[in-house]
Protein chains: 2
Amino acid sequence: MQAITEKSELTRAAIVGAGLDVAAELGLEALTLQAVADRIHMSKSGVFSRIGSREALQKAVVEEYGRRFHADVFAPALQLPKGLPRLKEVMRRWLAHMRDVEVHTGCIYTAGAFELDDKECELREVLLAAVLHWRAMLHRTVTQAIQAGHLKADTDAKQLVSELNSLAIGLLHDVRFLRDRAAPDRAVASFERLIRSYQT
Amino acid sequence: MQAITEKSELTRAAIVGAGLDVAAELGLEALTLQAVADRIHMSKSGVFSRIGSREALQKAVVEEYGRRFHADVFAPALQLPKGLPRLKEVMRRWLAHMRDVEVHTGCIYTAGAFELDDKECELREVLLAAVLHWRAMLHRTVTQAIQAGHLKADTDAKQLVSELNSLAIGLLHDVRFLRDRAAPDRAVASFERLIRSYQT
């Protein structure tokens, strides 16, 4: 029984991994059971039996991206002290993630946001919940830096969080669309300039 | 003859207008002769006879968006003196454009950038040329503000231009995806904060 469970876990991981590739290449709306089945040479019914409906597949892919994003960007920064050291590490990792998405999956949060912004569907809600969860973690990190006295007491955390998000999205745009190799260094300089303006 | 020319010009405008709607709703890659024909109740061959190939349609739509963007954002700001007054007016108009795209076409430059970033096709090149043309105009406006002594002499114009772009894209994200009504005011405050840090 254990071998069977392991095998089906592996298959599920392969399905979700292929789903991440499809979503990155073609967009979240192009993520269908058939597209994933074709990519890993399974039957559509085989994919369905392991993952369920197309909606369940899309949800699993967004959740898997969220897990990878968290493991890549946020979790390692928790090793650093609360406040500015942690915030700086989160941003260093986020900007590196945006710089490097070129070589792996692309940023499903950002591409998905611009793909689904004017849609009304469950997939939009799933993605929105994931993005808002990330923004809330970033907001807490900023708030801790204010409470620690590392950032000015009158810092508007929501304002700063949206500025940090703009910076990361702008970097993604310049790296992936303009293919501008100087963009990552510019983004780091922008972050340093921005954070200095909020420092005590 | 004149009446016929006017009529065919009107038809062409209707085709391109419908193309803008399709691109905004479904993305530039969904922009086909058939999709436009369906929307304005013409035959596909009728659309082809007026606009040419699908590629010509896509190009016409990107160019028409560029004309509207220029007329909305940049042209009116040319009434203001070169330097900071003109730069501020361009940004005021750009941020208003990003805030208001919700009620009209959506920002084809930004949505298209994230849709086509990893593609290799003529459409990507057409969009890239349009976006780079806009960035060059913004760069010239920033340079004039430096030359006029309104911004610090050591201002890195390319850095500031990419920061302004991040701000505009971040606003679009927060308005259209998060549907955050406070986002426009935050973007204006971010711009003022940013520009102060470069002022003499």
# chains A, B, ... in the order shown; residues from 1 in each chain; ligands from 1
>>> select_by_dssp(residues="segment 137-171 of chain B", states="alpha helix (DSSP H)", output="ChimeraX atom specification")
/B:137-147,157-171
>>> write_last_selection(atoms="C-alpha atoms", output="short mmCIF file (atom, residue, chain, number, x, y, z; two decimals), in the first residue's frame")
data_model
loop_
_atom_site.label_atom_id
_atom_site.label_comp_id
_atom_site.auth_asym_id
_atom_site.auth_seq_id
_atom_site.Cartn_x
_atom_site.Cartn_y
_atom_site.Cartn_z
CA MET B 137 9.61 60.29 -24.39
CA LEU B 138 9.48 59.96 -20.61
CA HIS B 139 13.28 59.82 -20.51
CA ARG B 140 13.50 63.05 -22.51
CA THR B 141 11.02 64.72 -20.15
CA VAL B 142 13.11 63.67 -17.13
CA THR B 143 16.34 64.82 -18.83
CA GLN B 144 14.79 68.23 -19.49
CA ALA B 145 13.92 68.53 -15.79
CA ILE B 146 17.55 67.76 -14.91
CA GLN B 147 18.86 70.26 -17.47
CA ALA B 157 17.35 59.49 -15.70
CA LYS B 158 17.04 55.81 -16.63
CA GLN B 159 16.68 54.87 -12.96
CA LEU B 160 13.98 57.47 -12.38
CA VAL B 161 12.11 56.48 -15.56
CA SER B 162 11.99 52.86 -14.44
CA GLU B 163 10.80 53.95 -10.98
CA LEU B 164 8.00 56.00 -12.57
CA ASN B 165 7.04 53.02 -14.70
CA SER B 166 6.94 50.71 -11.67
CA LEU B 167 4.67 53.18 -9.92
CA ALA B 168 2.24 53.28 -12.85
CA ILE B 169 2.18 49.49 -13.30
CA GLY B 170 1.80 48.94 -9.54
CA LEU B 171 -1.21 51.28 -9.55
#
>>> closest_atom_pairs(of="chain A", to="chain B", cutoff="10 Å", atoms="only C-alpha atoms", output="JSON lines")
{"residue": "A:Ala24", "atom": "CA", "partner": "B:Asp118", "partner_atom": "CA", "distance": 9.1}
{"residue": "A:Glu25", "atom": "CA", "partner": "B:Asp118", "partner_atom": "CA", "distance": 7.3}
{"residue": "A:Leu26", "atom": "CA", "partner": "B:Glu115", "partner_atom": "CA", "distance": 8.1}
{"residue": "A:Gly27", "atom": "CA", "partner": "B:Glu115", "partner_atom": "CA", "distance": 7.7}
{"residue": "A:Glu102", "atom": "CA", "partner": "B:Asp118", "partner_atom": "CA", "distance": 8.2}
{"residue": "A:Gly106", "atom": "CA", "partner": "B:Asp118", "partner_atom": "CA", "distance": 8.9}
{"residue": "A:Cys107", "atom": "CA", "partner": "B:Phe114", "partner_atom": "CA", "distance": 9.5}
{"residue": "A:Thr110", "atom": "CA", "partner": "B:Phe114", "partner_atom": "CA", "distance": 8.0}
{"residue": "A:Ala111", "atom": "CA", "partner": "B:Phe114", "partner_atom": "CA", "distance": 5.5}
{"residue": "A:Gly112", "atom": "CA", "partner": "B:Phe114", "partner_atom": "CA", "distance": 8.8}
{"residue": "A:Ala113", "atom": "CA", "partner": "B:Phe177", "partner_atom": "CA", "distance": 5.7}
{"residue": "A:Phe114", "atom": "CA", "partner": "B:Ala111", "partner_atom": "CA", "distance": 5.5}
{"residue": "A:Glu115", "atom": "CA", "partner": "B:Ala111", "partner_atom": "CA", "distance": 7.0}
{"residue": "A:Leu116", "atom": "CA", "partner": "B:Phe177", "partner_atom": "CA", "distance": 7.4}
{"residue": "A:Asp117", "atom": "CA", "partner": "B:Phe177", "partner_atom": "CA", "distance": 4.4}
{"residue": "A:Asp118", "atom": "CA", "partner": "B:Arg176", "partner_atom": "CA", "distance": 6.9}
{"residue": "A:Lys119", "atom": "CA", "partner": "B:Glu25", "partner_atom": "CA", "distance": 8.6}
{"residue": "A:Arg124", "atom": "CA", "partner": "B:Phe177", "partner_atom": "CA", "distance": 8.7}
{"residue": "A:Leu127", "atom": "CA", "partner": "B:Phe177", "partner_atom": "CA", "distance": 9.7}
{"residue": "A:Leu128", "atom": "CA", "partner": "B:Leu178", "partner_atom": "CA", "distance": 7.1}
{"residue": "A:Ala129", "atom": "CA", "partner": "B:Leu178", "partner_atom": "CA", "distance": 9.8}
{"residue": "A:Val131", "atom": "CA", "partner": "B:Leu178", "partner_atom": "CA", "distance": 8.8}
{"residue": "A:Leu132", "atom": "CA", "partner": "B:Leu178", "partner_atom": "CA", "distance": 8.2}
{"residue": "A:Asp156", "atom": "CA", "partner": "B:Arg186", "partner_atom": "CA", "distance": 9.9}
{"residue": "A:Lys158", "atom": "CA", "partner": "B:Arg186", "partner_atom": "CA", "distance": 8.8}
{"residue": "A:Gln159", "atom": "CA", "partner": "B:Arg186", "partner_atom": "CA", "distance": 6.1}
{"residue": "A:Leu160", "atom": "CA", "partner": "B:Ser190", "partner_atom": "CA", "distance": 8.6}
{"residue": "A:Ser162", "atom": "CA", "partner": "B:Gly170", "partner_atom": "CA", "distance": 7.4}
{"residue": "A:Glu163", "atom": "CA", "partner": "B:Ser190", "partner_atom": "CA", "distance": 7.1}
{"residue": "A:Leu164", "atom": "CA", "partner": "B:Gly170", "partner_atom": "CA", "distance": 9.2}
{"residue": "A:Asn165", "atom": "CA", "partner": "B:Gly170", "partner_atom": "CA", "distance": 6.7}
{"residue": "A:Ser166", "atom": "CA", "partner": "B:Gly170", "partner_atom": "CA", "distance": 4.1}
{"residue": "A:Leu167", "atom": "CA", "partner": "B:Ser166", "partner_atom": "CA", "distance": 5.6}
{"residue": "A:Ala168", "atom": "CA", "partner": "B:Ser166", "partner_atom": "CA", "distance": 8.0}
{"residue": "A:Ile169", "atom": "CA", "partner": "B:Gly170", "partner_atom": "CA", "distance": 6.7}
{"residue": "A:Gly170", "atom": "CA", "partner": "B:Ser166", "partner_atom": "CA", "distance": 4.1}
{"residue": "A:Leu171", "atom": "CA", "partner": "B:Ser166", "partner_atom": "CA", "distance": 7.5}
{"residue": "A:Leu172", "atom": "CA", "partner": "B:Phe114", "partner_atom": "CA", "distance": 8.8}
{"residue": "A:His173", "atom": "CA", "partner": "B:Ala113", "partner_atom": "CA", "distance": 7.0}
{"residue": "A:Asp174", "atom": "CA", "partner": "B:Ser162", "partner_atom": "CA", "distance": 8.2}
{"residue": "A:Val175", "atom": "CA", "partner": "B:Asp117", "partner_atom": "CA", "distance": 9.0}
{"residue": "A:Arg176", "atom": "CA", "partner": "B:Asp117", "partner_atom": "CA", "distance": 5.4}
{"residue": "A:Phe177", "atom": "CA", "partner": "B:Asp117", "partner_atom": "CA", "distance": 4.4}
{"residue": "A:Leu178", "atom": "CA", "partner": "B:Leu128", "partner_atom": "CA", "distance": 7.1}
{"residue": "A:Arg179", "atom": "CA", "partner": "B:Asp117", "partner_atom": "CA", "distance": 8.6}
{"residue": "A:Ala182", "atom": "CA", "partner": "B:Gln159", "partner_atom": "CA", "distance": 9.8}
{"residue": "A:Ala183", "atom": "CA", "partner": "B:Ser162", "partner_atom": "CA", "distance": 8.3}
{"residue": "A:Asp185", "atom": "CA", "partner": "B:Gln159", "partner_atom": "CA", "distance": 9.6}
{"residue": "A:Arg186", "atom": "CA", "partner": "B:Gln159", "partner_atom": "CA", "distance": 6.1}
{"residue": "A:Ala187", "atom": "CA", "partner": "B:Glu163", "partner_atom": "CA", "distance": 8.2}
{"residue": "A:Ala189", "atom": "CA", "partner": "B:Gln159", "partner_atom": "CA", "distance": 8.5}
{"residue": "A:Ser190", "atom": "CA", "partner": "B:Glu163", "partner_atom": "CA", "distance": 7.1}
{"residue": "A:Phe191", "atom": "CA", "partner": "B:Glu163", "partner_atom": "CA", "distance": 9.9}
{"residue": "A:Arg193", "atom": "CA", "partner": "B:Ser197", "partner_atom": "CA", "distance": 8.4}
{"residue": "A:Leu194", "atom": "CA", "partner": "B:Leu194", "partner_atom": "CA", "distance": 7.8}
{"residue": "A:Ser197", "atom": "CA", "partner": "B:Ser197", "partner_atom": "CA", "distance": 7.9}
>>> residues_around(residues="Ala35 of chain A", least_positions_apart="4", cutoff="9 Å", atoms="only C-alpha atoms", output="list in words")
Ala18, Gly19, Val22, Ala30, Leu31, Arg39 and Lys44 of chain A
>>> residues_around(residues="Leu20 of chain B", least_positions_apart="3", cutoff="8 Å", atoms="only C-alpha atoms", output="PDB file with C-alpha atoms, in the first residue's frame")
ATOM      1  CA  VAL B  16      -9.821  48.854 -34.922  1.00  0.00           C
ATOM      2  CA  GLY B  17     -12.128  49.997 -32.114  1.00  0.00           C
ATOM      3  CA  ALA B  23      -7.497  42.904 -26.878  1.00  0.00           C
ATOM      4  CA  ALA B  24      -8.476  44.545 -23.603  1.00  0.00           C
ATOM      5  CA  VAL B  61      -4.678  47.950 -32.620  1.00  0.00           C
ATOM      6  CA  TYR B  65      -3.801  52.348 -28.443  1.00  0.00           C
ATOM      7  CA  THR B 105      -9.927  49.652 -22.681  1.00  0.00           C
TER       8      THR B 105
END
>>> atom_distance(atom1="atom CA of Leu151 of chain A", atom2="atom CA of Leu87 of chain A")
10.7 Å
>>> closest_residue(among="A:Ala148, A:Val90, A:Ala75, A:Ile15", to="Gln34 of chain A", atoms="only C-alpha atoms")
A:Ile15
>>> atom_distance(atom1="atom CA of Ala13 of chain A", atom2="atom CA of Val73 of chain A")
21.2 Å
>>> atom_distance(atom1="atom CA of Glu122 of chain B", atom2="atom CA of Ala60 of chain B")
12.9 Å
